[in-house]
file query-v9.tsv (TSV, C-alpha atoms)
chain	number	residue	atom	x	y	z
A	1	MET	CA	40.14	-87.15	-71.55
A	2	SER	CA	41.28	-85.92	-74.95
A	3	GLY	CA	39.45	-86.81	-78.13
A	4	ALA	CA	42.31	-89.07	-79.20
A	5	GLU	CA	42.23	-90.99	-75.90
A	6	GLN	CA	38.50	-91.49	-76.22
A	7	ARG	CA	38.80	-92.79	-79.77
A	8	LEU	CA	41.47	-95.27	-78.69
A	9	GLU	CA	39.29	-96.49	-75.84
A	10	GLU	CA	36.35	-96.79	-78.23
A	11	ALA	CA	38.49	-99.01	-80.45
A	12	VAL	CA	39.29	-101.21	-77.44
A	13	LEU	CA	35.65	-101.45	-76.42
A	14	ALA	CA	34.60	-102.42	-79.94
A	15	ARG	CA	36.90	-105.45	-79.67
A	16	ALA	CA	36.32	-106.33	-76.00
A	17	GLY	CA	32.52	-106.23	-76.09
A	18	THR	CA	30.14	-105.20	-73.33
A	19	GLY	CA	30.15	-108.18	-71.00
A	20	ALA	CA	32.07	-108.53	-67.74
A	21	LEU	CA	35.33	-106.63	-68.29
A	22	LEU	CA	38.53	-106.48	-66.26
A	23	ASP	CA	40.27	-103.13	-66.70
A	24	LEU	CA	43.97	-103.65	-65.96
A	25	GLY	CA	45.66	-100.39	-64.98
A	26	CYS	CA	42.29	-98.64	-64.96
A	27	GLY	CA	43.69	-95.20	-64.15
A	28	ALA	CA	41.04	-92.62	-63.39
A	29	GLY	CA	38.30	-94.75	-64.94
A	30	THR	CA	37.75	-93.17	-68.36
A	31	PHE	CA	37.59	-96.51	-70.17
A	32	ALA	CA	35.42	-97.94	-67.40
A	33	ARG	CA	32.99	-95.04	-67.78
A	34	LEU	CA	32.80	-95.54	-71.54
A	35	ALA	CA	32.31	-99.30	-71.19
A	36	THR	CA	29.71	-98.98	-68.43
A	37	ASP	CA	27.70	-96.50	-70.46
A	38	ALA	CA	27.69	-99.06	-73.29
A	39	GLY	CA	26.31	-101.77	-70.97
A	40	ALA	CA	29.43	-103.52	-69.66
A	41	THR	CA	30.12	-104.48	-66.06
A	42	VAL	CA	33.63	-103.28	-65.17
A	43	THR	CA	36.10	-104.33	-62.50
A	44	GLY	CA	39.24	-102.19	-62.43
A	45	ILE	CA	42.60	-102.39	-60.68
A	46	ASP	CA	45.48	-99.94	-60.55
A	47	LEU	CA	48.58	-99.52	-58.41
A	48	ASP	CA	47.81	-95.84	-57.78
A	49	PRO	CA	45.35	-95.41	-54.88
A	50	SER	CA	44.42	-91.89	-56.02
A	51	ALA	CA	43.56	-93.20	-59.48
A	52	VAL	CA	41.41	-95.94	-57.97
A	53	ARG	CA	39.53	-93.36	-55.89
A	54	ALA	CA	38.98	-91.23	-59.00
A	55	ALA	CA	37.71	-94.24	-60.95
A	56	ALA	CA	35.30	-95.21	-58.18
A	57	ALA	CA	33.94	-91.66	-58.12
A	58	LEU	CA	33.58	-91.50	-61.90
A	59	VAL	CA	32.02	-94.97	-62.22
A	60	PRO	CA	30.08	-95.76	-59.04
A	61	GLU	CA	28.49	-98.73	-60.82
A	62	GLY	CA	31.90	-100.40	-61.19
A	63	SER	CA	34.18	-102.21	-58.77
A	64	PHE	CA	37.69	-100.82	-58.26
A	65	ALA	CA	40.62	-101.80	-56.07
A	66	VAL	CA	44.29	-101.09	-55.64
A	67	GLY	CA	46.03	-103.99	-57.30
A	68	ASP	CA	48.84	-105.18	-59.56
A	69	ALA	CA	48.12	-106.23	-63.14
A	70	HIS	CA	50.44	-109.20	-62.54
A	71	ASP	CA	48.04	-110.47	-59.84
A	72	PRO	CA	44.49	-109.73	-61.04
A	73	PRO	CA	41.24	-110.68	-59.31
A	74	PRO	CA	40.08	-114.20	-60.24
A	75	GLY	CA	37.00	-113.29	-62.24
A	76	PRO	CA	35.81	-114.90	-64.38
A	77	PHE	CA	35.57	-112.12	-66.96
A	78	ASP	CA	34.50	-112.10	-70.58
A	79	ALA	CA	37.48	-109.95	-71.54
A	80	ALA	CA	40.48	-108.23	-69.98
A	81	VAL	CA	41.67	-104.90	-71.34
A	82	ALA	CA	44.98	-103.10	-70.89
A	83	VAL	CA	44.93	-99.61	-72.39
A	84	GLN	CA	48.51	-98.29	-72.66
A	85	VAL	CA	49.62	-100.55	-69.79
A	86	LEU	CA	51.86	-103.31	-71.15
A	87	GLU	CA	54.78	-100.97	-71.83
A	88	HIS	CA	54.85	-99.96	-68.17
A	89	VAL	CA	54.62	-103.29	-66.35
A	90	THR	CA	57.57	-105.35	-65.15
A	91	ASN	CA	56.62	-108.49	-67.06
A	92	PRO	CA	54.08	-108.10	-69.88
A	93	VAL	CA	54.13	-111.83	-70.59
A	94	ALA	CA	53.08	-112.56	-67.00
A	95	VAL	CA	50.33	-109.94	-67.17
A	96	LEU	CA	48.86	-111.46	-70.32
A	97	LYS	CA	49.18	-114.99	-68.95
A	98	ALA	CA	47.49	-114.07	-65.65
A	99	ALA	CA	44.52	-112.22	-67.17
A	100	PRO	CA	41.47	-114.32	-66.14
A	101	ALA	CA	39.54	-114.00	-69.39
A	102	PRO	CA	39.31	-115.84	-72.70
A	103	LEU	CA	39.77	-112.56	-74.61
A	104	VAL	CA	42.46	-109.91	-74.07
A	105	VAL	CA	42.56	-106.51	-75.74
A	106	ALA	CA	45.59	-104.29	-75.21
A	107	THR	CA	47.08	-101.17	-76.77
A	108	VAL	CA	50.65	-99.97	-77.23
A	109	TRP	CA	52.23	-96.99	-78.94
A	110	GLY	CA	53.52	-97.32	-82.46
A	111	ARG	CA	57.23	-97.09	-83.19
A	112	GLU	CA	58.77	-93.69	-82.58
A	113	GLU	CA	59.11	-93.03	-86.30
A	114	GLU	CA	55.38	-93.76	-86.70
A	115	CYS	CA	54.31	-91.02	-84.27
A	116	ASP	CA	54.42	-87.24	-84.73
A	117	ALA	CA	55.13	-86.94	-81.00
A	118	ARG	CA	58.75	-87.61	-81.94
A	119	LEU	CA	59.00	-84.01	-83.12
A	120	PHE	CA	59.57	-82.86	-79.55
A	121	ARG	CA	62.67	-85.00	-79.09
A	122	GLU	CA	63.93	-84.19	-82.57
A	123	ALA	CA	63.54	-80.46	-82.02
A	124	LEU	CA	65.25	-80.56	-78.63
A	125	ALA	CA	68.03	-82.98	-79.56
A	126	PRO	CA	70.82	-80.34	-79.31
A	127	TRP	CA	70.05	-79.86	-75.61
A	128	LEU	CA	69.29	-83.44	-74.56
A	129	PRO	CA	71.83	-86.00	-73.36
A	130	PRO	CA	72.74	-88.73	-75.86
A	131	ARG	CA	70.30	-91.59	-75.91
A	132	PRO	CA	71.76	-94.92	-74.76
A	133	ALA	CA	72.29	-97.56	-77.40
A	134	PRO	CA	69.38	-100.02	-77.57
A	135	SER	CA	69.95	-103.22	-75.61
A	136	GLY	CA	67.89	-106.30	-74.94
A	137	PRO	CA	64.84	-107.35	-76.97
A	138	PRO	CA	62.96	-104.86	-79.17
A	139	PRO	CA	60.34	-102.74	-77.39
A	140	LEU	CA	56.65	-103.59	-77.46
A	141	THR	CA	56.16	-100.84	-80.02
A	142	ASP	CA	57.58	-103.34	-82.50
A	143	PRO	CA	54.65	-105.44	-83.80
A	144	ASP	CA	56.76	-108.60	-84.10
A	145	ARG	CA	57.81	-108.27	-80.46
A	146	LEU	CA	54.20	-107.69	-79.43
A	147	ARG	CA	53.12	-110.87	-81.21
A	148	LYS	CA	55.97	-112.78	-79.60
A	149	ILE	CA	55.00	-111.90	-76.03
A	150	VAL	CA	51.42	-112.93	-76.78
A	151	GLU	CA	52.63	-116.33	-77.94
A	152	LEU	CA	54.87	-116.67	-74.87
A	153	ALA	CA	51.82	-115.98	-72.70
A	154	GLY	CA	50.00	-118.92	-74.31
A	155	LEU	CA	47.53	-116.79	-76.26
A	156	ASP	CA	46.62	-116.77	-79.94
A	157	VAL	CA	46.81	-113.47	-81.79
A	158	VAL	CA	43.49	-112.62	-83.39
A	159	ALA	CA	44.57	-109.26	-84.79
A	160	VAL	CA	47.02	-106.42	-84.36
A	161	ASP	CA	45.24	-103.39	-85.74
A	162	GLU	CA	46.73	-99.97	-86.39
A	163	VAL	CA	44.81	-96.96	-85.15
A	164	ARG	CA	46.01	-93.48	-86.12
A	165	LEU	CA	44.81	-90.71	-83.85
A	166	GLY	CA	45.23	-86.99	-84.37
A	167	VAL	CA	45.93	-84.93	-81.26
A	168	GLU	CA	44.76	-81.36	-81.80
A	169	HIS	CA	46.46	-78.34	-80.26
A	170	ALA	CA	44.52	-75.10	-80.62
A	171	ASP	CA	47.58	-72.88	-81.03
A	172	ALA	CA	51.32	-72.63	-80.47
A	173	ASP	CA	50.92	-71.88	-76.77
A	174	THR	CA	48.94	-75.07	-76.21
A	175	LEU	CA	51.56	-77.11	-78.05
A	176	ILE	CA	54.41	-75.62	-76.03
A	177	GLU	CA	52.56	-76.04	-72.72
A	178	GLU	CA	52.41	-79.80	-73.26
A	179	LEU	CA	56.12	-79.92	-73.95
A	180	MET	CA	57.06	-77.82	-70.93
A	181	ALA	CA	55.26	-80.29	-68.68
A	182	SER	CA	57.38	-83.17	-69.97
A	183	GLY	CA	60.72	-84.36	-68.70
A	184	ILE	CA	62.62	-83.63	-71.91
A	185	GLY	CA	61.02	-80.19	-72.07
A	186	ARG	CA	62.27	-79.28	-68.63
A	187	VAL	CA	65.78	-80.51	-69.42
A	188	ALA	CA	65.95	-78.48	-72.63
A	189	ILE	CA	64.55	-75.33	-71.00
A	190	ASN	CA	67.12	-75.57	-68.21
A	191	ARG	CA	69.91	-75.73	-70.78
A	192	ALA	CA	68.70	-73.37	-73.51
A	193	GLY	CA	65.92	-71.25	-72.05
A	194	PRO	CA	62.23	-71.16	-72.95
A	195	ALA	CA	62.60	-68.86	-75.97
A	196	ALA	CA	65.07	-71.13	-77.76
A	197	VAL	CA	62.99	-74.20	-76.97
A	198	ARG	CA	59.84	-72.57	-78.26
A	199	ALA	CA	61.50	-71.48	-81.50
A	200	ALA	CA	62.99	-74.93	-82.15
A	201	VAL	CA	59.71	-76.77	-81.55
A	202	LEU	CA	57.61	-74.43	-83.66
A	203	GLU	CA	60.08	-74.66	-86.52
A	204	ARG	CA	59.96	-78.47	-86.40
A	205	ALA	CA	56.15	-78.48	-86.05
A	206	GLU	CA	55.49	-76.11	-88.95
A	207	PRO	CA	54.53	-78.92	-91.40
A	208	LEU	CA	51.82	-79.98	-88.94
A	209	ARG	CA	50.26	-76.55	-88.63
A	210	THR	CA	46.62	-76.18	-89.69
A	211	ALA	CA	45.01	-73.36	-91.65
A	212	GLY	CA	43.49	-72.09	-88.41
A	213	GLY	CA	46.85	-71.74	-86.68
A	214	GLY	CA	46.65	-74.90	-84.60
A	215	TYR	CA	48.67	-78.10	-84.83
A	216	VAL	CA	47.62	-81.73	-85.30
A	217	LEU	CA	50.03	-84.45	-84.22
A	218	THR	CA	49.05	-87.86	-85.56
A	219	ASN	CA	50.28	-90.84	-83.57
A	220	LEU	CA	49.95	-94.52	-84.31
A	221	HIS	CA	48.74	-97.03	-81.74
A	222	ARG	CA	48.44	-100.77	-82.10
A	223	VAL	CA	45.41	-102.57	-80.73
A	224	LEU	CA	46.08	-106.20	-79.94
A	225	THR	CA	43.25	-108.73	-79.75
A	226	ALA	CA	44.17	-112.18	-78.46
A	227	ARG	CA	42.32	-115.30	-77.33
A	228	ARG	CA	43.30	-117.89	-74.79
call {"tool": "encode", "arguments": {"input": "query-v9.tsv", "output": "structure tokens"}}
result
Amino acid sequence: MSGAEQRLEEAVLARAGTGALLDLGCGAGTFARLATDAGATVTGIDLDPSAVRAAAALVPEGSFAVGDAHDPPPGPFDAAVAVQVLEHVTNPVAVLKAAPAPLVVATVWGREEECDARLFREALAPWLPPRPAPSGPPPLTDPDRLRKIVELAGLDVVAVDEVRLGVEHADADTLIEELMASGIGRVAINRAGPAAVRAAVLERAEPLRTAGGGYVLTNLHRVLTARR
């Protein structure tokens, strides 16, 4: 887990408390480990069986099962958390409505223009296919949309806090390695070659370069706290 991921999970834990927690989309159990160490009792579900196995190995004190966030275990729980999950589920309103807890804490990315991670797409734009025109409701990265789905789920918004997290890359190679593992990176490399991609990204990332030769990309996340 990166330092930025840990700080985001710490922000969630500070709002969720250390009672009986339901970890929706628990992944490999990093939040569950953090919460358990702080004194919480964690039940986690995830659609990925390999992630559930990893979580159970990392947090043997917890309870983990393969499951859908739309159909959580009955609880009761003191709080339900969804760390970077709502943007990936079929129906975020249904997930929030079904969470069997009086308190829900969830995180989403900030808008694209609020996150330095956009530099990758901006740098590679000449080699990427045109983005489709936006359709349908605004994404959950929009704070007004986030508040709306909470209201539709029958919850009251307590707070939508902004958390800015810096992701450190030790050097240019580390920065480029992350890009090459991404979908847009592979598309651009196939069209332009690795040298051109590297040059374009480093030129765009130059303002984010540190005195030590590394790079810090600061991304915004929103942490929603809602009560039933």
call {"tool": "closest_residue", "arguments": {"input": "query-v9.tsv", "among": "A:Ile184, A:Ala123, A:Leu96, A:Ala32", "to": "A:Ala199", "atoms": "all atoms listed in the file"}}
result
A:Ala123
call {"tool": "atom_distance", "arguments": {"input": "query-v9.tsv", "atom1": "atom CA of A:Ala106", "atom2": "atom CA of A:Thr225"}}
result
6.8 Å
call {"tool": "residues_around", "arguments": {"input": "query-v9.tsv", "residues": "A:Val85", "least_positions_apart": "2", "cutoff": "10 Å", "atoms": "all atoms listed in the file", "output": "PyMOL selection string"}}
result
chain A and resi 24-27+69+81-83+87-89+92+95+106-108
call {"tool": "atom_distance", "arguments": {"input": "query-v9.tsv", "atom1": "atom CA of A:Asp142", "atom2": "atom CA of A:Arg222"}}
result
9.5 Å
call {"tool": "residues_around", "arguments": {"input": "query-v9.tsv", "residues": "stretch 146-153 of chain A", "least_positions_apart": "3", "cutoff": "12 Å", "atoms": "only C-alpha atoms", "output": "tab-separated table (two decimals) with C-alpha atoms, in the coordinates of the input"}}
result
chain	number	residue	atom	x	y	z
A	86	LEU	CA	51.86	-103.31	-71.15
A	87	GLU	CA	54.78	-100.97	-71.83
A	91	ASN	CA	56.62	-108.49	-67.06
A	92	PRO	CA	54.08	-108.10	-69.88
A	93	VAL	CA	54.13	-111.83	-70.59
A	94	ALA	CA	53.08	-112.56	-67.00
A	95	VAL	CA	50.33	-109.94	-67.17
A	96	LEU	CA	48.86	-111.46	-70.32
A	97	LYS	CA	49.18	-114.99	-68.95
A	98	ALA	CA	47.49	-114.07	-65.65
A	99	ALA	CA	44.52	-112.22	-67.17
A	103	LEU	CA	39.77	-112.56	-74.61
A	104	VAL	CA	42.46	-109.91	-74.07
A	105	VAL	CA	42.56	-106.51	-75.74
A	106	ALA	CA	45.59	-104.29	-75.21
A	107	THR	CA	47.08	-101.17	-76.77
A	108	VAL	CA	50.65	-99.97	-77.23
A	109	TRP	CA	52.23	-96.99	-78.94
A	110	GLY	CA	53.52	-97.32	-82.46
A	111	ARG	CA	57.23	-97.09	-83.19
A	137	PRO	CA	64.84	-107.35	-76.97
A	138	PRO	CA	62.96	-104.86	-79.17
A	139	PRO	CA	60.34	-102.74	-77.39
A	140	LEU	CA	56.65	-103.59	-77.46
A	141	THR	CA	56.16	-100.84	-80.02
A	142	ASP	CA	57.58	-103.34	-82.50
A	143	PRO	CA	54.65	-105.44	-83.80
A	156	ASP	CA	46.62	-116.77	-79.94
A	157	VAL	CA	46.81	-113.47	-81.79
A	158	VAL	CA	43.49	-112.62	-83.39
A	159	ALA	CA	44.57	-109.26	-84.79
A	160	VAL	CA	47.02	-106.42	-84.36
A	161	ASP	CA	45.24	-103.39	-85.74
A	222	ARG	CA	48.44	-100.77	-82.10
A	223	VAL	CA	45.41	-102.57	-80.73
A	224	LEU	CA	46.08	-106.20	-79.94
A	225	THR	CA	43.25	-108.73	-79.75
A	226	ALA	CA	44.17	-112.18	-78.46
A	227	ARG	CA	42.32	-115.30	-77.33
A	228	ARG	CA	43.30	-117.89	-74.79
call {"tool": "residues_around", "arguments": {"input": "query-v9.tsv", "residues": "A:Thr18", "least_positions_apart": "5", "cutoff": "9 Å", "atoms": "all atoms listed in the file", "output": "PDB file with C-alpha atoms, in the frame of the given file"}}
result
ATOM      1  CA  LEU A  13      35.650-101.450 -76.420  1.00  0.00           C
ATOM      2  CA  ALA A  35      32.310 -99.300 -71.190  1.00  0.00           C
ATOM      3  CA  THR A  36      29.710 -98.980 -68.430  1.00  0.00           C
ATOM      4  CA  ALA A  38      27.690 -99.060 -73.290  1.00  0.00           C
ATOM      5  CA  GLY A  39      26.310-101.770 -70.970  1.00  0.00           C
ATOM      6  CA  ALA A  40      29.430-103.520 -69.660  1.00  0.00           C
ATOM      7  CA  THR A  41      30.120-104.480 -66.060  1.00  0.00           C
ATOM      8  CA  ASP A  78      34.500-112.100 -70.580  1.00  0.00           C
ATOM      9  CA  ALA A  79      37.480-109.950 -71.540  1.00  0.00           C
TER      10      ALA A  79
END
call {"tool": "residues_around", "arguments": {"input": "query-v9.tsv", "residues": "A:Asp171", "least_positions_apart": "4", "cutoff": "12 Å", "atoms": "all atoms listed in the file", "output": "PDB file with C-alpha atoms, in the frame of the given file"}}
result
ATOM      1  CA  LEU A 175      51.560 -77.110 -78.050  1.00  0.00           C
ATOM      2  CA  ILE A 176      54.410 -75.620 -76.030  1.00  0.00           C
ATOM      3  CA  GLU A 177      52.560 -76.040 -72.720  1.00  0.00           C
ATOM      4  CA  GLU A 178      52.410 -79.800 -73.260  1.00  0.00           C
ATOM      5  CA  LEU A 202      57.610 -74.430 -83.660  1.00  0.00           C
ATOM      6  CA  ALA A 205      56.150 -78.480 -86.050  1.00  0.00           C
ATOM      7  CA  GLU A 206      55.490 -76.110 -88.950  1.00  0.00           C
ATOM      8  CA  LEU A 208      51.820 -79.980 -88.940  1.00  0.00           C
ATOM      9  CA  ARG A 209      50.260 -76.550 -88.630  1.00  0.00           C
ATOM     10  CA  THR A 210      46.620 -76.180 -89.690  1.00  0.00           C
ATOM     11  CA  ALA A 211      45.010 -73.360 -91.650  1.00  0.00           C
ATOM     12  CA  GLY A 212      43.490 -72.090 -88.410  1.00  0.00           C
ATOM     13  CA  GLY A 213      46.850 -71.740 -86.680  1.00  0.00           C
ATOM     14  CA  GLY A 214      46.650 -74.900 -84.600  1.00  0.00           C
ATOM     15  CA  TYR A 215      48.670 -78.100 -84.830  1.00  0.00           C
ATOM     16  CA  VAL A 216      47.620 -81.730 -85.300  1.00  0.00           C
TER      17      VAL A 216
END
call {"tool": "closest_residue", "arguments": {"input": "query-v9.tsv", "among": "A:Asp23, A:Asp116, A:Asp48, A:Glu5", "to": "A:Ser63", "atoms": "only C-alpha atoms"}}
result
A:Asp23
call {"tool": "atom_distance", "arguments": {"input": "query-v9.tsv", "atom1": "atom CA of A:Val12", "atom2": "atom CA of A:Thr218"}}
result
18.4 Å
call {"tool": "closest_residue", "arguments": {"input": "query-v9.tsv", "among": "A:Gln84, A:Pro74, A:Asp68, A:Pro194", "to": "A:Phe31", "atoms": "only C-alpha atoms"}}
result
A:Gln84
call {"tool": "residues_around", "arguments": {"input": "query-v9.tsv", "residues": "A:Pro100", "least_positions_apart": "3", "cutoff": "7 Å", "atoms": "all atoms listed in the file", "output": "PyMOL selection string"}}
result
chain A and resi 74-77
call {"tool": "write_last_selection", "arguments": {"input": "query-v9.tsv", "atoms": "C-alpha atoms", "output": "PDB file, in the coordinates of the input"}}
result
ATOM      1  CA  PRO A  74      40.080-114.200 -60.240  1.00  0.00           C
ATOM      2  CA  GLY A  75      37.000-113.290 -62.240  1.00  0.00           C
ATOM      3  CA  PRO A  76      35.810-114.900 -64.380  1.00  0.00           C
ATOM      4  CA  PHE A  77      35.570-112.120 -66.960  1.00  0.00           C
TER       5      PHE A  77
END
call {"tool": "closest_residue", "arguments": {"input": "query-v9.tsv", "among": "A:Arg15, A:Glu61, A:Leu124, A:Thr43", "to": "A:Asn190", "atoms": "only C-alpha atoms"}}
result
A:Leu124
call {"tool": "closest_residue", "arguments": {"input": "query-v9.tsv", "among": "A:Ala170, A:Met180, A:Leu220, A:Ala125", "to": "A:Arg204", "atoms": "only C-alpha atoms"}}
result
A:Ala125
call {"tool": "build_atoms", "arguments": {"input": "query-v9.tsv", "residues": "stretch 209-220 of chain A", "atoms": "N, CA and C atoms", "output": "PDB file, keeping the file's coordinate frame"}}
result
ATOM      1  N   ARG A 209      51.121 -77.675 -88.973  1.00  0.00           N
ATOM      2  CA  ARG A 209      50.260 -76.550 -88.630  1.00  0.00           C
ATOM      3  C   ARG A 209      49.024 -76.533 -89.525  1.00  0.00           C
ATOM      4  N   THR A 210      47.876 -76.220 -88.940  1.00  0.00           N
ATOM      5  CA  THR A 210      46.620 -76.180 -89.690  1.00  0.00           C
ATOM      6  C   THR A 210      46.351 -74.778 -90.208  1.00  0.00           C
ATOM      7  N   ALA A 211      45.364 -74.665 -91.092  1.00  0.00           N
ATOM      8  CA  ALA A 211      45.010 -73.360 -91.650  1.00  0.00           C
ATOM      9  C   ALA A 211      44.533 -72.398 -90.574  1.00  0.00           C
ATOM     10  N   GLY A 212      43.984 -72.940 -89.488  1.00  0.00           N
ATOM     11  CA  GLY A 212      43.490 -72.090 -88.410  1.00  0.00           C
ATOM     12  C   GLY A 212      44.543 -71.695 -87.393  1.00  0.00           C
ATOM     13  N   GLY A 213      45.789 -72.110 -87.601  1.00  0.00           N
ATOM     14  CA  GLY A 213      46.850 -71.740 -86.680  1.00  0.00           C
ATOM     15  C   GLY A 213      47.118 -72.745 -85.582  1.00  0.00           C
ATOM     16  N   GLY A 214      46.396 -73.855 -85.574  1.00  0.00           N
ATOM     17  CA  GLY A 214      46.650 -74.900 -84.600  1.00  0.00           C
ATOM     18  C   GLY A 214      47.619 -75.940 -85.144  1.00  0.00           C
ATOM     19  N   TYR A 215      47.757 -77.036 -84.425  1.00  0.00           N
ATOM     20  CA  TYR A 215      48.670 -78.100 -84.830  1.00  0.00           C
ATOM     21  C   TYR A 215      47.966 -79.440 -84.569  1.00  0.00           C
ATOM     22  N   VAL A 216      48.160 -80.380 -85.482  1.00  0.00           N
ATOM     23  CA  VAL A 216      47.620 -81.730 -85.300  1.00  0.00           C
ATOM     24  C   VAL A 216      48.772 -82.712 -85.383  1.00  0.00           C
ATOM     25  N   LEU A 217      49.006 -83.409 -84.274  1.00  0.00           N
ATOM     26  CA  LEU A 217      50.030 -84.450 -84.220  1.00  0.00           C
ATOM     27  C   LEU A 217      49.341 -85.802 -84.313  1.00  0.00           C
ATOM     28  N   THR A 218      49.676 -86.568 -85.335  1.00  0.00           N
ATOM     29  CA  THR A 218      49.050 -87.860 -85.560  1.00  0.00           C
ATOM     30  C   THR A 218      49.985 -88.966 -85.074  1.00  0.00           C
ATOM     31  N   ASN A 219      49.493 -89.756 -84.149  1.00  0.00           N
ATOM     32  CA  ASN A 219      50.280 -90.840 -83.570  1.00  0.00           C
ATOM     33  C   ASN A 219      49.628 -92.177 -83.859  1.00  0.00           C
ATOM     34  N   LEU A 220      50.457 -93.179 -84.043  1.00  0.00           N
ATOM     35  CA  LEU A 220      49.950 -94.520 -84.310  1.00  0.00           C
ATOM     36  C   LEU A 220      49.923 -95.327 -83.019  1.00  0.00           C
TER      37      LEU A 220
END
